[in-house]
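So this one's input-v1.txt, compact mmCIF, C-alpha atoms:
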# COMPACT_ATOMS: atom_id res chain seq x y z
CA GLN A 105 142.45 -142.44 -34.29
CA ASP A 106 143.43 -142.59 -30.63
CA TRP A 107 146.92 -141.16 -29.94
CA MET A 108 149.38 -143.13 -27.81
CA PRO A 109 151.39 -140.61 -25.69
CA VAL A 110 155.14 -140.85 -26.31
CA ASP A 111 158.20 -139.62 -24.42
CA PHE A 112 160.03 -136.63 -25.90
CA SER A 113 163.32 -134.78 -25.51
CA GLY A 114 164.83 -132.25 -27.88
CA THR A 115 163.09 -129.41 -29.69
CA LEU A 116 159.70 -129.41 -31.35
CA ASP A 117 158.96 -126.17 -33.21
CA GLY A 118 155.40 -126.36 -34.45
CA ASN A 119 156.11 -123.36 -36.69
CA GLY A 120 152.59 -122.04 -36.02
CA LYS A 121 150.92 -125.23 -37.25
CA ALA A 122 147.94 -126.87 -35.53
CA ILE A 123 147.02 -130.42 -34.63
CA MET A 124 143.25 -130.72 -34.80
CA ASN A 125 140.93 -133.10 -32.94
CA LEU A 126 143.67 -135.06 -31.16
CA THR A 127 142.10 -137.81 -29.01
CA ILE A 128 143.96 -139.38 -26.08
CA THR A 129 142.39 -142.13 -23.95
CA LYS A 130 145.50 -143.96 -22.69
CA THR A 131 148.56 -143.12 -20.64
CA GLY A 132 152.02 -143.59 -22.09
CA GLU A 133 154.33 -146.41 -21.08
CA SER A 134 156.66 -144.36 -18.85
CA THR A 135 156.15 -143.66 -15.17
CA ARG A 136 157.86 -141.16 -12.88
CA THR A 137 157.77 -140.39 -9.16
CA THR A 138 155.44 -137.56 -8.15
CA ILE A 139 154.85 -135.92 -4.78
CA ASP A 140 151.46 -134.97 -3.35
CA GLY A 141 150.55 -132.09 -1.04
CA ASN A 142 151.73 -134.08 1.99
CA TRP A 143 155.13 -134.90 0.44
CA LYS A 144 154.18 -138.53 -0.15
CA GLU A 145 155.77 -140.14 -3.21
CA TYR A 146 153.86 -142.09 -5.86
CA ASP A 147 154.78 -144.01 -9.01
CA THR A 148 152.63 -142.20 -11.54
CA HIS A 149 151.32 -142.59 -15.11
CA PHE A 150 150.88 -139.70 -17.56
CA ALA A 151 148.89 -138.71 -20.64
CA GLY A 152 149.04 -135.84 -23.12
CA LEU A 153 150.44 -135.30 -26.58
CA PHE A 154 153.64 -136.27 -24.80
CA CYS A 155 153.65 -138.72 -21.89
CA VAL A 156 156.99 -137.43 -20.55
CA ALA A 157 158.89 -134.36 -21.79
CA GLU A 158 162.43 -134.19 -20.37
CA ASN A 159 165.09 -131.72 -21.48
CA ALA A 160 162.65 -130.57 -24.15
CA THR A 161 161.43 -127.39 -25.77
CA ILE A 162 157.95 -127.43 -27.27
CA ALA A 163 157.15 -124.17 -29.05
CA ASN A 164 154.80 -122.50 -31.53
CA LEU A 165 152.28 -125.36 -31.54
CA THR A 166 148.48 -125.24 -31.45
CA LEU A 167 146.14 -128.03 -30.32
CA LEU A 168 142.55 -127.37 -31.47
CA GLY A 169 139.71 -129.62 -30.34
CA VAL A 170 142.03 -131.77 -28.22
CA ASN A 171 140.15 -134.37 -26.17
CA VAL A 172 141.98 -136.15 -23.36
CA ASP A 173 139.67 -138.65 -21.63
CA VAL A 174 141.54 -141.15 -19.46
CA ALA A 175 140.08 -143.60 -16.96
CA LEU A 176 142.73 -145.37 -14.86
CA ASP A 177 142.60 -146.54 -11.27
CA ASP A 178 146.22 -145.68 -10.61
CA ASN A 179 148.15 -142.48 -9.81
CA THR A 180 147.81 -140.45 -12.98
CA TYR A 181 148.30 -136.90 -14.28
CA VAL A 182 146.98 -135.67 -17.60
CA GLY A 183 147.66 -132.50 -19.56
CA THR A 184 147.02 -131.61 -23.16
CA ILE A 185 150.61 -130.99 -24.26
CA ALA A 186 152.47 -133.07 -21.65
CA GLY A 187 151.50 -135.33 -18.79
CA TYR A 188 154.91 -134.87 -17.12
CA MET A 189 157.67 -132.34 -17.72
CA ALA A 190 161.18 -132.04 -16.26
CA ASP A 191 163.74 -129.37 -17.11
CA SER A 192 161.71 -128.38 -20.15
CA THR A 193 159.94 -125.40 -21.69
CA ILE A 194 156.54 -125.04 -23.31
CA GLU A 195 156.21 -121.66 -25.02
CA ASN A 196 154.04 -119.81 -27.52
CA CYS A 197 151.58 -122.70 -27.59
CA THR A 198 147.78 -122.55 -27.80
CA VAL A 199 145.39 -125.19 -26.52
CA GLU A 200 141.60 -125.44 -26.97
CA GLY A 201 139.75 -128.51 -25.78
CA THR A 202 138.95 -130.84 -22.89
CA ALA A 203 141.00 -132.86 -20.43
CA LYS A 204 139.18 -135.43 -18.27
CA LEU A 205 140.49 -137.97 -15.77
CA THR A 206 138.45 -140.60 -13.92
CA SER A 207 140.34 -142.37 -11.15
CA SER A 208 140.18 -143.91 -7.69
CA CYS A 209 143.78 -143.68 -6.53
CA LYS A 210 145.64 -141.62 -3.93
CA SER A 211 147.09 -138.82 -6.09
CA PHE A 212 145.96 -137.60 -9.51
CA GLY A 213 145.25 -134.46 -11.48
CA VAL A 214 144.28 -132.62 -14.64
CA GLY A 215 146.02 -129.60 -16.18
CA GLY A 216 145.11 -127.48 -19.18
CA ILE A 217 148.65 -127.59 -20.59
CA LEU A 218 150.72 -129.78 -18.24
CA GLY A 219 149.78 -132.49 -15.78
CA TYR A 220 152.80 -132.51 -13.43
CA GLY A 221 156.35 -131.24 -13.45
CA LYS A 222 158.91 -128.51 -13.40
CA GLY A 223 160.31 -126.19 -16.03
CA ARG A 224 158.75 -123.21 -17.81
CA ILE A 225 155.40 -122.46 -19.39
CA ASN A 226 155.74 -119.13 -21.19
CA SER A 227 153.46 -117.06 -23.44
CA CYS A 228 150.86 -119.80 -23.84
CA THR A 229 147.09 -119.58 -24.22
CA ALA A 230 144.66 -122.21 -22.98
CA ASP A 231 140.87 -122.32 -23.26
CA VAL A 232 139.99 -125.65 -21.70
CA THR A 233 137.35 -127.65 -19.89
CA LEU A 234 138.92 -129.69 -17.08
CA ILE A 235 137.11 -132.62 -15.44
CA CYS A 236 138.49 -134.64 -12.53
CA ILE A 237 136.32 -137.48 -11.21
CA ASP A 238 137.20 -139.42 -8.05
CA THR A 239 135.39 -142.77 -7.94
CA ASP A 240 136.88 -143.78 -4.56
CA LYS A 241 134.21 -143.28 -1.90
CA GLU A 242 136.29 -144.75 0.94
CA TRP A 243 139.38 -142.49 1.02
CA LYS A 244 140.09 -138.80 0.78
CA ASP A 245 142.41 -138.64 -2.19
CA GLU A 246 144.76 -135.87 -3.35
CA GLN A 247 143.20 -134.31 -6.48
CA PHE A 248 144.86 -131.48 -8.38
CA MET A 249 143.46 -129.26 -11.13
CA GLY A 250 144.85 -126.17 -12.83
CA GLY A 251 144.53 -124.22 -16.04
CA ALA A 252 148.26 -124.16 -16.80
CA TYR A 253 149.28 -127.23 -14.75
CA ALA A 254 147.78 -129.56 -12.16
CA ASN A 255 150.73 -130.08 -9.79
CA GLY A 256 154.47 -129.49 -9.60
CA TYR A 257 156.76 -126.49 -9.73
CA PRO A 258 156.84 -124.91 -13.21
CA ASP A 259 157.39 -121.19 -13.69
CA VAL A 260 154.38 -119.76 -15.53
CA THR A 261 154.78 -116.36 -17.25
CA ASN A 262 152.77 -114.27 -19.73
CA CYS A 263 150.02 -116.88 -20.15
CA THR A 264 146.29 -116.41 -20.74
CA ILE A 265 144.24 -119.22 -19.23
CA ASN A 266 140.45 -119.72 -19.37
CA ILE A 267 139.10 -122.84 -17.65
CA ARG A 268 135.82 -124.46 -16.91
CA GLY A 269 136.62 -126.83 -14.04
CA TYR A 270 134.49 -129.71 -12.83
Go ahead and express the file in the form of structure tokens.
Amino acid sequence: QDWMPVDFSGTLDGNGKAIMNLTITKTGESTRTTIDGNWKEYDTHFAGLFCVAENATIANLTLLGVNVDVALDDNTYVGTIAGYMADSTIENCTVEGTAKLTSSCKSFGVGGILGYGKGRINSCTADVTLICIDTDKEWKDEQFMGGAYANGYPDVTNCTINIRGY
């Protein structure tokens, strides 16, 4: 069944457990302001296991066979664990799967673990296929893609990232 991304704060200790075959095709209800490479601000939508993770710790969790496939003609960032993160930590997590975004807006991106944000990504492993499709033929849009995160300012340490990017 399709997962609806939710907001999260607090601590989630996966205790080494795995979520298998998680499917995400929608963004969550929350939006936040993001900044593109030219310091322009956008109201943005997010998708991942968590739409928005603020003041959160997500640890010791595995996502196997995760499939994020969002099509939205609005500013959007997708990640597998979180679409957006602020003042949070993702650590000792493993992700295997695909994250895909199809859009025609001004600023959007795909990340293997996180879409957009700040905080820490520590001791994580990601083996992901990332696909970012721009359907806007008229404008040069800001597209972001990264194995750990697509855009933002997180500190990334001790991670192993394998991506196939398209």
Shortest contact to Ala157 of chain A, candidates A:Gly201, A:Gly250, A:Gly269, A:Gly223, atoms counted only C-alpha atoms, goes to A:Gly223
Residue contacts of segment 131-139 of chain A (9 Å, all atoms listed in the file) excluding same-chain residues fewer than 3 positions away, as a ChimeraX atom specification: /A:108-111,128,142-152,154-156,174,176,179-182,187-188,211,220-221,255-256
Do you have the atom CA of Gly215 of chain A-atom CA of Phe248 of chain A distance handy?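 These atoms are spaced 8.1 Å apart.
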Just checking: using all atoms listed in the file, which residue out of A:Asn119, A:Thr127, A:Thr184, A:Thr264 ends up closest to Ala163 of chain A?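 Ranking A:Asn119, A:Thr127, A:Thr184, A:Thr264 by distance to Ala163 of chain A, first place goes to A:Asn119.
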Select all residues near (155.8, -128.1, -14.2) (cut-off 9 Å, inclusive, file coordinates), counting all atoms listed in the file, and output them as a CSV table (one decimal) with C-alpha atoms, in the coordinates of the input.
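Writing the result to selection_11.csv gives the following:
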chain,number,residue,atom,x,y,z
A,188,TYR,CA,154.9,-134.9,-17.1
A,189,MET,CA,157.7,-132.3,-17.7
A,190,ALA,CA,161.2,-132.0,-16.3
A,191,ASP,CA,163.7,-129.4,-17.1
A,192,SER,CA,161.7,-128.4,-20.2
A,193,THR,CA,159.9,-125.4,-21.7
A,218,LEU,CA,150.7,-129.8,-18.2
A,219,GLY,CA,149.8,-132.5,-15.8
A,220,TYR,CA,152.8,-132.5,-13.4
A,221,GLY,CA,156.4,-131.2,-13.4
A,222,LYS,CA,158.9,-128.5,-13.4
A,223,GLY,CA,160.3,-126.2,-16.0
A,224,ARG,CA,158.8,-123.2,-17.8
A,225,ILE,CA,155.4,-122.5,-19.4
A,252,ALA,CA,148.3,-124.2,-16.8
A,253,TYR,CA,149.3,-127.2,-14.8
A,254,ALA,CA,147.8,-129.6,-12.2
A,255,ASN,CA,150.7,-130.1,-9.8
A,256,GLY,CA,154.5,-129.5,-9.6
A,257,TYR,CA,156.8,-126.5,-9.7
A,258,PRO,CA,156.8,-124.9,-13.2
A,259,ASP,CA,157.4,-121.2,-13.7
A,260,VAL,CA,154.4,-119.8,-15.5
What is the distance between atom CA of Cys197 of chain A and atom CA of Gly141 of chain A, in Å to one decimal? 28.2 Å
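Neighbours of segment 234-238 of chain A closer than or equal to 6 Å, with only C-alpha atoms counted and sequence neighbours fewer than 4 positions away skipped, come out as Thr202, Ala203, Lys204, Leu205, Thr206, Ser207, Ser208, Gly269 and Tyr270 of chain A.
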Residues of the last selection are to be written out with C-alpha atoms, as a tab-separated table (two decimals), keeping the file's coordinate frame.
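Saved result, part-v1.tsv, follows:
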chain	number	residue	atom	x	y	z
A	202	THR	CA	138.95	-130.84	-22.89
A	203	ALA	CA	141.00	-132.86	-20.43
A	204	LYS	CA	139.18	-135.43	-18.27
A	205	LEU	CA	140.49	-137.97	-15.77
A	206	THR	CA	138.45	-140.60	-13.92
A	207	SER	CA	140.34	-142.37	-11.15
A	208	SER	CA	140.18	-143.91	-7.69
A	269	GLY	CA	136.62	-126.83	-14.04
A	270	TYR	CA	134.49	-129.71	-12.83
Enter the distance from atom CA of Ile194 of chain A to atom CA of Ala122 of chain A, in Å, rounded to one decimal. 15.1 Å
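Considering the residues A:Asp106, A:Glu195, A:Asp245, A:Asp117 and counting only C-alpha atoms, Leu153 of chain A has its shortest atom-to-atom contact with A:Asp106.
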Nearest residue to Ala160 of chain A from the set A:Leu116, A:Ile185, A:Ile123, A:Ala175 (distances using all atoms listed in the file): A:Leu116
Given only C-alpha atoms as the counted atoms, nearest of A:Thr233, A:Asn171, A:Asn262, A:Asn164 to Met124 of chain A: A:Asn171
Dump all heavy atoms of segment 192-205 of chain A from the given block, as a PDB file, in the first residue's frame.
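Okay, this is what ended up in result-v1.pdb:
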ATOM      1  N   SER A 192      18.349  17.828  12.891  1.00  0.00           N
ATOM      2  CA  SER A 192      18.093  16.410  13.116  1.00  0.00           C
ATOM      3  C   SER A 192      19.301  15.578  12.716  1.00  0.00           C
ATOM      4  O   SER A 192      20.226  16.069  12.073  1.00  0.00           O
ATOM      5  CB  SER A 192      16.875  15.963  12.303  1.00  0.00           C
ATOM      6  OG  SER A 192      15.714  16.643  12.720  1.00  0.00           O
ATOM      7  N   THR A 193      19.249  14.298  13.095  1.00  0.00           N
ATOM      8  CA  THR A 193      20.324  13.360  12.793  1.00  0.00           C
ATOM      9  C   THR A 193      19.743  12.080  12.216  1.00  0.00           C
ATOM     10  O   THR A 193      18.762  11.552  12.736  1.00  0.00           O
ATOM     11  CB  THR A 193      21.123  13.025  14.067  1.00  0.00           C
ATOM     12  OG1 THR A 193      21.701  14.220  14.587  1.00  0.00           O
ATOM     13  CG2 THR A 193      22.225  12.021  13.783  1.00  0.00           C
ATOM     14  N   ILE A 194      20.367  11.610  11.145  1.00  0.00           N
ATOM     15  CA  ILE A 194      20.092  10.283  10.603  1.00  0.00           C
ATOM     16  C   ILE A 194      21.391   9.510  10.739  1.00  0.00           C
ATOM     17  O   ILE A 194      22.418   9.927  10.203  1.00  0.00           O
ATOM     18  CB  ILE A 194      19.651  10.352   9.127  1.00  0.00           C
ATOM     19  CG1 ILE A 194      18.360  11.169   8.984  1.00  0.00           C
ATOM     20  CG2 ILE A 194      19.475   8.944   8.558  1.00  0.00           C
ATOM     21  CD1 ILE A 194      17.965  11.456   7.545  1.00  0.00           C
ATOM     22  N   GLU A 195      21.368   8.388  11.491  1.00  0.00           N
ATOM     23  CA  GLU A 195      22.624   7.655  11.690  1.00  0.00           C
ATOM     24  C   GLU A 195      22.402   6.151  11.733  1.00  0.00           C
ATOM     25  O   GLU A 195      21.344   5.675  12.133  1.00  0.00           O
ATOM     26  CB  GLU A 195      23.356   8.133  12.934  1.00  0.00           C
ATOM     27  CG  GLU A 195      22.647   7.954  14.240  1.00  0.00           C
ATOM     28  CD  GLU A 195      23.435   8.565  15.390  1.00  0.00           C
ATOM     29  OE1 GLU A 195      24.595   8.963  15.200  1.00  0.00           O
ATOM     30  OE2 GLU A 195      22.884   8.638  16.484  1.00  0.00           O
ATOM     31  N   ASN A 196      23.453   5.450  11.286  1.00  0.00           N
ATOM     32  CA  ASN A 196      23.453   3.986  11.243  1.00  0.00           C
ATOM     33  C   ASN A 196      22.249   3.438  10.497  1.00  0.00           C
ATOM     34  O   ASN A 196      21.662   2.437  10.901  1.00  0.00           O
ATOM     35  CB  ASN A 196      23.512   3.403  12.672  1.00  0.00           C
ATOM     36  CG  ASN A 196      24.771   3.802  13.392  1.00  0.00           C
ATOM     37  OD1 ASN A 196      25.851   3.810  12.813  1.00  0.00           O
ATOM     38  ND2 ASN A 196      24.629   4.162  14.655  1.00  0.00           N
ATOM     39  N   CYS A 197      21.869   4.099   9.413  1.00  0.00           N
ATOM     40  CA  CYS A 197      20.750   3.653   8.591  1.00  0.00           C
ATOM     41  C   CYS A 197      21.273   3.114   7.256  1.00  0.00           C
ATOM     42  O   CYS A 197      22.317   3.536   6.777  1.00  0.00           O
ATOM     43  CB  CYS A 197      19.768   4.799   8.345  1.00  0.00           C
ATOM     44  SG  CYS A 197      18.884   5.327   9.836  1.00  0.00           S
ATOM     45  N   THR A 198      20.512   2.199   6.673  1.00  0.00           N
ATOM     46  CA  THR A 198      20.846   1.610   5.383  1.00  0.00           C
ATOM     47  C   THR A 198      19.646   1.756   4.458  1.00  0.00           C
ATOM     48  O   THR A 198      18.516   1.513   4.875  1.00  0.00           O
ATOM     49  CB  THR A 198      21.200   0.117   5.538  1.00  0.00           C
ATOM     50  OG1 THR A 198      22.340   0.005   6.389  1.00  0.00           O
ATOM     51  CG2 THR A 198      21.505  -0.524   4.195  1.00  0.00           C
ATOM     52  N   VAL A 199      19.930   2.153   3.223  1.00  0.00           N
ATOM     53  CA  VAL A 199      18.869   2.333   2.235  1.00  0.00           C
ATOM     54  C   VAL A 199      19.265   1.629   0.943  1.00  0.00           C
ATOM     55  O   VAL A 199      20.381   1.809   0.454  1.00  0.00           O
ATOM     56  CB  VAL A 199      18.624   3.833   1.934  1.00  0.00           C
ATOM     57  CG1 VAL A 199      17.610   4.001   0.827  1.00  0.00           C
ATOM     58  CG2 VAL A 199      18.204   4.572   3.183  1.00  0.00           C
ATOM     59  N   GLU A 200      18.345   0.831   0.390  1.00  0.00           N
ATOM     60  CA  GLU A 200      18.507   0.221  -0.927  1.00  0.00           C
ATOM     61  C   GLU A 200      17.209   0.418  -1.684  1.00  0.00           C
ATOM     62  O   GLU A 200      16.143   0.031  -1.198  1.00  0.00           O
ATOM     63  CB  GLU A 200      18.819  -1.268  -0.803  1.00  0.00           C
ATOM     64  CG  GLU A 200      20.172  -1.561  -0.194  1.00  0.00           C
ATOM     65  CD  GLU A 200      20.448  -3.051  -0.078  1.00  0.00           C
ATOM     66  OE1 GLU A 200      19.706  -3.854  -0.672  1.00  0.00           O
ATOM     67  OE2 GLU A 200      21.406  -3.403   0.618  1.00  0.00           O
ATOM     68  N   GLY A 201      17.296   1.073  -2.856  1.00  0.00           N
ATOM     69  CA  GLY A 201      16.092   1.263  -3.638  1.00  0.00           C
ATOM     70  C   GLY A 201      16.221   2.368  -4.657  1.00  0.00           C
ATOM     71  O   GLY A 201      17.319   2.702  -5.100  1.00  0.00           O
ATOM     72  N   THR A 202      15.071   2.982  -5.004  1.00  0.00           N
ATOM     73  CA  THR A 202      14.986   3.980  -6.054  1.00  0.00           C
ATOM     74  C   THR A 202      14.216   5.196  -5.573  1.00  0.00           C
ATOM     75  O   THR A 202      13.210   5.056  -4.874  1.00  0.00           O
ATOM     76  CB  THR A 202      14.265   3.389  -7.286  1.00  0.00           C
ATOM     77  OG1 THR A 202      14.993   2.247  -7.736  1.00  0.00           O
ATOM     78  CG2 THR A 202      14.159   4.398  -8.413  1.00  0.00           C
ATOM     79  N   ALA A 203      14.706   6.372  -5.963  1.00  0.00           N
ATOM     80  CA  ALA A 203      13.976   7.619  -5.720  1.00  0.00           C
ATOM     81  C   ALA A 203      13.879   8.356  -7.048  1.00  0.00           C
ATOM     82  O   ALA A 203      14.887   8.636  -7.691  1.00  0.00           O
ATOM     83  CB  ALA A 203      14.676   8.474  -4.675  1.00  0.00           C
ATOM     84  N   LYS A 204      12.635   8.666  -7.450  1.00  0.00           N
ATOM     85  CA  LYS A 204      12.384   9.312  -8.742  1.00  0.00           C
ATOM     86  C   LYS A 204      11.443  10.489  -8.540  1.00  0.00           C
ATOM     87  O   LYS A 204      10.464  10.389  -7.823  1.00  0.00           O
ATOM     88  CB  LYS A 204      11.755   8.311  -9.713  1.00  0.00           C
ATOM     89  CG  LYS A 204      11.380   8.899 -11.056  1.00  0.00           C
ATOM     90  CD  LYS A 204      10.726   7.833 -11.927  1.00  0.00           C
ATOM     91  CE  LYS A 204      10.263   8.398 -13.245  1.00  0.00           C
ATOM     92  NZ  LYS A 204       9.547   7.365 -14.042  1.00  0.00           N
ATOM     93  N   LEU A 205      11.767  11.604  -9.214  1.00  0.00           N
ATOM     94  CA  LEU A 205      10.915  12.791  -9.180  1.00  0.00           C
ATOM     95  C   LEU A 205      10.743  13.315 -10.593  1.00  0.00           C
ATOM     96  O   LEU A 205      11.719  13.517 -11.313  1.00  0.00           O
ATOM     97  CB  LEU A 205      11.536  13.874  -8.295  1.00  0.00           C
ATOM     98  CG  LEU A 205      10.813  15.227  -8.246  1.00  0.00           C
ATOM     99  CD1 LEU A 205       9.393  15.077  -7.706  1.00  0.00           C
ATOM    100  CD2 LEU A 205      11.608  16.220  -7.397  1.00  0.00           C
TER     101      LEU A 205
END
